[in-house]
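For reference, the structure is listed below as structure tokens.
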Amino acid sequence: MSKMIPKFEVCIDSVQSAINAGNQAGGASRVELCDNLMEGGTTPSSGMIVTILNRVKIPVMVMIRPRGGDFCYSEDEIKVMCLDIQHAKSLGAHGVVFGILNPDGSVDVERVSKLVDLAKPMKVTFHRAFDMTNDPFKALEDIISIGGIQRILTSGHDSSVLEGLDTIVQLVKQANSRIIIMPGGGIKESNIERILFAVGLEEMHVSASAAIRSVMEHNVSTIHMGRAHHNNEYVINGVMVYGCGMSVHNEVTKRAMYTFRPIIPEYNKYATYLHNYPEFVQ
């Protein structure tokens, strides 16, 4: 097993999950705060950001993603992201998490650079848009060339960290400490030792989630506040369907974007359940 002791970042979407992750038993070093995890995470509300910042002592990284679907954004969506970054900064967030791609699946260096500059002095993570690029090793160099980005969240260009482990090993070697490669996606108790044995890691990203029954006593099983389906990262939800040109690099039939949480019954809700790994947590 690797002698390196990684820090753990926990993906959360609620106040209670943040509290669970940040307490001594949880042992998280940092949380990534998202909304709408069924679509891989979107930007959380101001109220959620402020409340969690007031309740936890560990750093809070805020997801900046204006919608689900792909990572090729319109000019209006970029304006939304810029405003959300400025707002997260003003609220006291420790960092932001985002990623932007070109239609051909390459990193949009120009627009990512703009957002990185806007985020300073906050920390920046390039999220799993990285896993949807057309070449992970070129994408790594493009992201490093931008500067100001501390880490890349990746499942190794595959559906989960375990499947993408060989690529993660290569990425860590290529990065050579110029940027942190943070594996995330499908990490759980049954495979964490195998992952740590394969590669020395500075950080890991986990969801550590479990389904907990709602307090609702009155259940309506025939009505749902949303859709239960497998996400398609190349279909954008909207009144009118519009294309962003991502068909050049379409692997939706092979790979699922996010594997953090399964679809569960409507009256279940997510809560963070953290397995205690005292030997791994710094």
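We label chains A, B, ... in the order they appear in the structure tokens, count residues from 1 in each chain, and number ligands from 1 in the order shown.
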Exercise. What lies within 9 Å of Ile168 (chain A) using only C-alpha atoms, ignoring chain neighbours under 2 positions off, as a ChimeraX atom specification?
Worked result: /A:154-157,161,164-166,170-173,181-183,199
With region 15-38 of chain A as the partner and 12 Å as the cut-off, tabulate the residues of region 110-145 of chain A that qualify, each row holding the nearest pair of atoms and their distance in Å to one decimal, using only C-alpha atoms, sorted by chain and rising number, as CSV.
```
residue,atom,partner,partner_atom,distance
A:Lys123,CA,A:Arg30,CA,11.9
A:Val124,CA,A:Glu32,CA,11.3
A:Thr125,CA,A:Glu32,CA,9.9
A:His127,CA,A:Glu32,CA,10.5
```
With N, CA, C and O atoms kept, could you save the residues just selected as a compact mmCIF listing (two decimals), in the first residue's frame?
```txt
# COMPACT_ATOMS: atom_id res chain seq x y z
N LYS A 123 -9.21 28.90 -4.38
CA LYS A 123 -8.68 27.69 -5.00
C LYS A 123 -9.62 27.25 -6.12
O LYS A 123 -10.82 27.54 -6.10
N VAL A 124 -9.07 26.51 -7.08
CA VAL A 124 -9.86 26.05 -8.22
C VAL A 124 -9.60 24.57 -8.49
O VAL A 124 -8.46 24.13 -8.52
N THR A 125 -10.68 23.84 -8.68
CA THR A 125 -10.62 22.45 -9.14
C THR A 125 -11.25 22.36 -10.52
O THR A 125 -12.34 22.90 -10.74
N HIS A 127 -13.21 20.07 -12.73
CA HIS A 127 -14.01 18.89 -12.36
C HIS A 127 -14.02 17.82 -13.45
O HIS A 127 -13.20 17.83 -14.38
```
Exercise. What is the distance, in Å and to one decimal place, between CA of Ile58 (chain A) and CA of Val116 (chain A)?
Worked result: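 Going from CA of Ile58 (chain A) over to CA of Val116 (chain A) covers 22.0 Å.
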Exercise. What is the distance between CA of Gly68 (chain A) and CA of Thr43 (chain A), in Å to one decimal?
Worked result: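 Rounded to one decimal, the two atoms are 10.0 Å apart.
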Seminar exercise, completed: If you count only C-alpha atoms, the residue of A:Ile144, A:Ile49, A:Ile149, A:Val215 closest to Phe98 (chain A) turns out to be A:Ile149
Exercise. By how many Å are CA of Asp142 (chain A) and CA of Ser74 (chain A) apart?
Worked result: 21.0 Å
For this session: Looking only at helix (DSSP H, G or I) from DSSP on the backbone, list the matching residues of region 82-187 of chain A as number ranges by chain.
Result: A: 82-91, 109-119, 128-132, 136-146, 165-175
Exercise. If you count only C-alpha atoms, which residues fall within 10 Å of Ile78 (chain A), apart from same-chain ones fewer than 3 positions away, as number ranges by chain?
Worked result: A: 65-66, 72-75, 81-84, 100, 111-112, 114-115
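Considering the residues A:Pro136, A:Gly40, A:Pro59, A:Pro121 and counting only C-alpha atoms, Asp158 (chain A) has its shortest atom-to-atom contact with A:Pro136.
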